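**Student:** To be precise about what I am sending: the file is called start-v2.cif and holds mmCIF, C-alpha atoms.
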data_upload
loop_
_atom_site.group_PDB
_atom_site.id
_atom_site.type_symbol
_atom_site.label_atom_id
_atom_site.label_comp_id
_atom_site.auth_asym_id
_atom_site.auth_seq_id
_atom_site.Cartn_x
_atom_site.Cartn_y
_atom_site.Cartn_z
ATOM 1 C CA MET A 778 -126.519 83.944 -128.831
ATOM 2 C CA ILE A 779 -126.403 87.168 -130.884
ATOM 3 C CA THR A 780 -128.509 87.259 -134.012
ATOM 4 C CA PRO A 781 -127.501 89.307 -137.095
ATOM 5 C CA GLU A 782 -130.181 91.888 -136.218
ATOM 6 C CA GLU A 783 -128.495 92.522 -132.825
ATOM 7 C CA THR A 784 -124.990 92.951 -134.250
ATOM 8 C CA PRO A 785 -123.959 96.607 -134.259
ATOM 9 C CA PRO A 786 -122.945 98.123 -137.585
ATOM 10 C CA LEU A 787 -119.202 98.029 -138.291
ATOM 11 C CA ASN A 788 -118.944 101.762 -138.973
ATOM 12 C CA THR A 789 -119.975 102.662 -135.412
ATOM 13 C CA PRO A 790 -117.107 104.406 -133.584
ATOM 14 C CA PRO A 791 -115.788 102.500 -130.563
ATOM 15 C CA ILE A 792 -117.016 103.496 -127.145
ATOM 16 C CA THR A 793 -114.336 105.438 -125.300
ATOM 17 C CA LEU A 794 -114.456 105.666 -121.554
ATOM 18 C CA PRO A 795 -113.188 108.894 -120.033
ATOM 19 C CA THR A 796 -109.602 108.649 -118.855
ATOM 20 C CA LEU A 797 -108.379 110.199 -115.633
ATOM 21 C CA GLU A 798 -106.821 113.028 -117.639
ATOM 22 C CA MET A 799 -110.099 113.741 -119.410
ATOM 23 C CA ARG A 800 -112.122 113.806 -116.214
ATOM 24 C CA HIS A 801 -109.731 115.997 -114.230
ATOM 25 C CA THR A 802 -108.783 118.846 -116.482
ATOM 26 C CA ARG A 803 -108.604 121.510 -113.801
ATOM 27 C CA GLY A 804 -105.445 120.254 -112.080
ATOM 28 C CA THR A 805 -104.357 118.199 -109.109
ATOM 29 C CA VAL A 806 -104.923 119.515 -105.594
ATOM 30 C CA LEU A 807 -103.248 118.224 -102.449
ATOM 31 C CA ILE A 808 -105.675 118.379 -99.513
ATOM 32 C CA VAL A 809 -104.075 118.337 -96.075
ATOM 33 C CA GLU A 810 -106.516 117.819 -93.198
ATOM 34 C CA ASP A 811 -106.194 115.733 -90.035
ATOM 35 C CA ASP A 812 -109.947 115.316 -89.547
ATOM 36 C CA ARG A 813 -111.004 112.403 -91.779
ATOM 37 C CA SER A 814 -114.596 113.578 -92.298
ATOM 38 C CA ILE A 815 -113.546 117.124 -93.250
ATOM 39 C CA ARG A 816 -110.833 115.730 -95.525
ATOM 40 C CA ARG A 817 -113.409 113.556 -97.299
ATOM 41 C CA TYR A 818 -115.828 116.507 -97.557
ATOM 42 C CA LEU A 819 -113.115 118.617 -99.237
ATOM 43 C CA GLU A 820 -112.201 115.728 -101.563
ATOM 44 C CA VAL A 821 -115.801 115.374 -102.739
ATOM 45 C CA ILE A 822 -116.168 119.130 -103.325
ATOM 46 C CA LEU A 823 -113.037 119.295 -105.447
ATOM 47 C CA GLN A 824 -113.662 116.058 -107.337
ATOM 48 C CA ARG A 825 -117.153 117.234 -108.284
ATOM 49 C CA ALA A 826 -115.600 120.477 -109.514
ATOM 50 C CA GLY A 827 -113.298 118.504 -111.822
ATOM 51 C CA TYR A 828 -110.072 118.444 -109.838
ATOM 52 C CA CYS A 829 -107.906 115.401 -109.260
ATOM 53 C CA VAL A 830 -107.362 115.117 -105.509
ATOM 54 C CA VAL A 831 -104.475 113.737 -103.474
ATOM 55 C CA ALA A 832 -104.995 113.701 -99.700
ATOM 56 C CA ALA A 833 -102.717 113.753 -96.670
ATOM 57 C CA ALA A 834 -103.603 113.484 -92.984
ATOM 58 C CA ASP A 835 -100.975 115.933 -91.678
ATOM 59 C CA GLY A 836 -98.235 118.292 -92.802
ATOM 60 C CA LEU A 837 -95.455 115.716 -92.659
ATOM 61 C CA GLU A 838 -97.386 113.319 -94.891
ATOM 62 C CA ALA A 839 -98.166 116.271 -97.180
ATOM 63 C CA MET A 840 -94.469 117.101 -97.560
ATOM 64 C CA LYS A 841 -93.727 113.523 -98.600
ATOM 65 C CA THR A 842 -96.703 113.467 -100.974
ATOM 66 C CA ALA A 843 -95.759 116.791 -102.562
ATOM 67 C CA LEU A 844 -92.244 115.556 -103.240
ATOM 68 C CA THR A 845 -93.467 112.365 -104.921
ATOM 69 C CA SER A 846 -96.627 113.549 -106.739
ATOM 70 C CA ALA A 847 -97.393 116.058 -109.460
ATOM 71 C CA ILE A 848 -99.602 118.653 -107.777
ATOM 72 C CA ASP A 849 -100.829 122.053 -108.889
ATOM 73 C CA ALA A 850 -102.166 123.526 -105.637
ATOM 74 C CA VAL A 851 -102.414 122.829 -101.900
ATOM 75 C CA VAL A 852 -105.390 123.264 -99.580
ATOM 76 C CA THR A 853 -104.279 122.808 -95.981
ATOM 77 C CA ASP A 854 -105.712 122.999 -92.506
ATOM 78 C CA ALA A 855 -103.890 125.428 -90.196
ATOM 79 C CA ILE A 856 -103.796 123.318 -87.027
ATOM 80 C CA MET A 857 -102.568 119.715 -87.394
ATOM 81 C CA PRO A 858 -100.259 117.317 -85.583
ATOM 82 C CA HIS A 859 -96.584 116.842 -86.562
ATOM 83 C CA VAL A 860 -96.318 119.736 -89.047
ATOM 84 C CA ASN A 861 -99.034 122.400 -89.057
ATOM 85 C CA GLY A 862 -100.344 124.310 -92.064
ATOM 86 C CA TYR A 863 -98.135 127.358 -91.443
ATOM 87 C CA GLU A 864 -95.015 125.183 -91.306
ATOM 88 C CA LEU A 865 -96.124 123.331 -94.425
ATOM 89 C CA CYS A 866 -96.617 126.636 -96.227
ATOM 90 C CA ARG A 867 -93.127 127.762 -95.157
ATOM 91 C CA PHE A 868 -91.678 124.476 -96.497
ATOM 92 C CA LEU A 869 -93.465 124.919 -99.826
ATOM 93 C CA ARG A 870 -92.427 128.565 -100.197
ATOM 94 C CA HIS A 871 -88.753 127.743 -99.590
ATOM 95 C CA HIS A 872 -88.648 124.722 -101.934
ATOM 96 C CA PRO A 873 -87.764 125.651 -105.542
ATOM 97 C CA LYS A 874 -90.300 123.211 -107.000
ATOM 98 C CA PHE A 875 -93.224 124.633 -104.995
ATOM 99 C CA ALA A 876 -92.297 128.281 -104.345
ATOM 100 C CA ARG A 877 -94.971 129.664 -106.691
ATOM 101 C CA MET A 878 -97.592 126.981 -106.114
ATOM 102 C CA PRO A 879 -100.988 128.262 -104.918
ATOM 103 C CA VAL A 880 -101.620 127.509 -101.236
ATOM 104 C CA VAL A 881 -104.976 127.933 -99.480
ATOM 105 C CA LEU A 882 -105.001 127.784 -95.679
ATOM 106 C CA LEU A 883 -108.182 126.729 -93.851
ATOM 107 C CA SER A 884 -108.669 127.804 -90.274
ATOM 108 C CA GLY A 885 -111.383 127.960 -87.679
ATOM 109 C CA PHE A 886 -109.516 130.831 -85.997
ATOM 110 C CA GLU A 887 -108.621 134.351 -86.959
ATOM 111 C CA ARG A 888 -105.729 134.816 -89.329
ATOM 112 C CA ALA A 889 -102.404 134.541 -87.558
ATOM 113 C CA ASP A 890 -100.347 135.921 -90.420
ATOM 114 C CA ALA A 891 -98.869 138.891 -88.596
ATOM 115 C CA ALA A 892 -96.005 136.816 -87.202
ATOM 116 C CA GLN A 893 -95.160 135.298 -90.589
ATOM 117 C CA GLU A 894 -92.827 136.767 -93.155
ATOM 118 C CA ALA A 895 -94.578 137.869 -96.331
ATOM 119 C CA ASN A 896 -92.820 135.188 -98.403
ATOM 120 C CA ASP A 897 -94.032 132.387 -96.096
ATOM 121 C CA ARG A 898 -97.736 133.198 -96.229
ATOM 122 C CA PRO A 899 -100.405 131.238 -98.063
ATOM 123 C CA ASP A 900 -102.045 132.839 -101.075
ATOM 124 C CA TYR A 901 -105.494 132.762 -99.514
ATOM 125 C CA TYR A 902 -107.174 132.168 -96.160
ATOM 126 C CA LEU A 903 -110.608 130.573 -95.842
ATOM 127 C CA ALA A 904 -112.544 130.227 -92.602
ATOM 128 C CA LYS A 905 -113.996 126.885 -91.595
ATOM 129 C CA PRO A 906 -116.558 125.675 -92.314
ATOM 130 C CA VAL A 907 -115.707 126.406 -95.926
ATOM 131 C CA ARG A 908 -118.475 126.715 -98.496
ATOM 132 C CA PRO A 909 -117.981 124.634 -101.670
ATOM 133 C CA GLU A 910 -118.339 127.577 -104.065
ATOM 134 C CA GLU A 911 -115.916 129.636 -101.995
ATOM 135 C CA LEU A 912 -113.223 126.933 -102.160
ATOM 136 C CA THR A 913 -113.660 126.075 -105.837
ATOM 137 C CA GLY A 914 -113.815 129.733 -106.864
ATOM 138 C CA CYS A 915 -110.713 130.560 -104.879
ATOM 139 C CA LEU A 916 -108.777 127.642 -106.375
ATOM 140 C CA ALA A 917 -109.887 128.465 -109.914
ATOM 141 C CA ARG A 918 -108.670 132.075 -109.547
ATOM 142 C CA LEU A 919 -105.344 131.047 -107.994
ATOM 143 C CA LEU A 920 -104.632 128.380 -110.613
ATOM 144 C CA LEU A 921 -105.523 130.757 -113.438
ATOM 145 C CA LYS A 922 -103.202 133.396 -111.962
ATOM 146 C CA ALA A 923 -100.377 130.831 -111.556
ATOM 147 C CA ALA A 924 -100.663 129.593 -115.159
#
Would you mind writing the file's structure down as structure tokens?

**Tutor:**
Amino acid sequence: MITPEETPPLNTPPITLPTLEMRHTRGTVLIVEDDRSIRRYLEVILQRAGYCVVAAADGLEAMKTALTSAIDAVVTDAIMPHVNGYELCRFLRHHPKFARMPVVLLSGFERADAAQEANDRPDYYLAKPVRPEELTGCLARLLLKAA
């Protein structure tokens, strides 16, 4: 039972819990990675940096997710089953909704951009293993430039 001494004053503002929009003010990032542990690692990095994260396990799933979700940027692995990161980037660049969206490609190999047309390339390449500050800094710059 609550006694009158324990009752909070009526002029106290109500407690407001942070909404999803309040917590993720930096934008929504689609992470595309076939390795579950790396995907989770990237999710945690970006969530801690204030991004809302949507994840996909391969390029085909990413295409479907991009078409049905509001995303601001894509971070994708280069080598994946079904549709790889280069093919995903080509899809995004040729789709009117995503043509100017920032795309970061992660790869454990050297850049293989020589064979790609300039319009099909990602905005940035990062080598695996990616450092948290490198990824978040890169995304922040790309999203600021795209705004």

**Student:** List the residues matched by the PyMOL selection byres ((chain A and resi 878) around 10) in the displayed structure as an MDAnalysis selection string, ordered by chain and then by residue number.

**Tutor:** chainID A and resid 848:851 866 869:870 873:877 879:881 899:900 919:920 923:924

**Student:** To one decimal place, how far is CA of Leu921 (chain A) from CA of Lys841 (chain A) in Å?

**Tutor:**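 If I compute the distance from CA of Leu921 (chain A) to CA of Lys841 (chain A), I get 25.6 Å.
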
**Student:** Go through the shown structure with the PyMOL selection byres ((chain A and resi 902) around 12) and write out the matching residues as an MDAnalysis selection string.

**Tutor:** chainID A and resid 851:855 862:863 866 879:890 898:901 903:905 907 911:912 915:916

**Student:** Go ahead and save the picked residues with C-alpha atoms, as a PDB file, keeping the file's coordinate frame.

**Tutor:**
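Result went into part36.pdb, see below:
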ATOM      1  CA  VAL A 851    -102.414 122.829-101.900  1.00  0.00           C
ATOM      2  CA  VAL A 852    -105.390 123.264 -99.580  1.00  0.00           C
ATOM      3  CA  THR A 853    -104.279 122.808 -95.981  1.00  0.00           C
ATOM      4  CA  ASP A 854    -105.712 122.999 -92.506  1.00  0.00           C
ATOM      5  CA  ALA A 855    -103.890 125.428 -90.196  1.00  0.00           C
ATOM      6  CA  GLY A 862    -100.344 124.310 -92.064  1.00  0.00           C
ATOM      7  CA  TYR A 863     -98.135 127.358 -91.443  1.00  0.00           C
ATOM      8  CA  CYS A 866     -96.617 126.636 -96.227  1.00  0.00           C
ATOM      9  CA  PRO A 879    -100.988 128.262-104.918  1.00  0.00           C
ATOM     10  CA  VAL A 880    -101.620 127.509-101.236  1.00  0.00           C
ATOM     11  CA  VAL A 881    -104.976 127.933 -99.480  1.00  0.00           C
ATOM     12  CA  LEU A 882    -105.001 127.784 -95.679  1.00  0.00           C
ATOM     13  CA  LEU A 883    -108.182 126.729 -93.851  1.00  0.00           C
ATOM     14  CA  SER A 884    -108.669 127.804 -90.274  1.00  0.00           C
ATOM     15  CA  GLY A 885    -111.383 127.960 -87.679  1.00  0.00           C
ATOM     16  CA  PHE A 886    -109.516 130.831 -85.997  1.00  0.00           C
ATOM     17  CA  GLU A 887    -108.621 134.351 -86.959  1.00  0.00           C
ATOM     18  CA  ARG A 888    -105.729 134.816 -89.329  1.00  0.00           C
ATOM     19  CA  ALA A 889    -102.404 134.541 -87.558  1.00  0.00           C
ATOM     20  CA  ASP A 890    -100.347 135.921 -90.420  1.00  0.00           C
ATOM     21  CA  ARG A 898     -97.736 133.198 -96.229  1.00  0.00           C
ATOM     22  CA  PRO A 899    -100.405 131.238 -98.063  1.00  0.00           C
ATOM     23  CA  ASP A 900    -102.045 132.839-101.075  1.00  0.00           C
ATOM     24  CA  TYR A 901    -105.494 132.762 -99.514  1.00  0.00           C
ATOM     25  CA  LEU A 903    -110.608 130.573 -95.842  1.00  0.00           C
ATOM     26  CA  ALA A 904    -112.544 130.227 -92.602  1.00  0.00           C
ATOM     27  CA  LYS A 905    -113.996 126.885 -91.595  1.00  0.00           C
ATOM     28  CA  VAL A 907    -115.707 126.406 -95.926  1.00  0.00           C
ATOM     29  CA  GLU A 911    -115.916 129.636-101.995  1.00  0.00           C
ATOM     30  CA  LEU A 912    -113.223 126.933-102.160  1.00  0.00           C
ATOM     31  CA  CYS A 915    -110.713 130.560-104.879  1.00  0.00           C
ATOM     32  CA  LEU A 916    -108.777 127.642-106.375  1.00  0.00           C
TER      33      LEU A 916
END

**Student:** List the spatial neighbours of region 832-840 of chain A as a PyMOL selection string - criterion: any atom at most 10 Å away, all atoms listed in the file, same-chain residues fewer than 4 positions off excluded.

**Tutor:** chain A and resi 806-813+816-817+819-820+844-845+851-866+868-869

**Student:** Just to confirm, what's the straight-line distance from CA of Cys829 (chain A) to CA of Thr842 (chain A) in Å (one decimal)?

**Tutor:** 14.1 Å

**Student:** For a test of reading the model, state the distance in Å between CA of Arg803 (chain A) and CA of His872 (chain A), rounded to one decimal.

**Tutor:**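 The value is 23.4 Å.
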
**Student:** So, with only C-alpha atoms as the atoms that count, which of A:Asp897, A:Gly804, A:Ala847, A:Pro909 lies closest to Ile822 (chain A)?

**Tutor:**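 Of A:Asp897, A:Gly804, A:Ala847, A:Pro909, the one nearest Ile822 (chain A) is A:Pro909, counting only C-alpha atoms.
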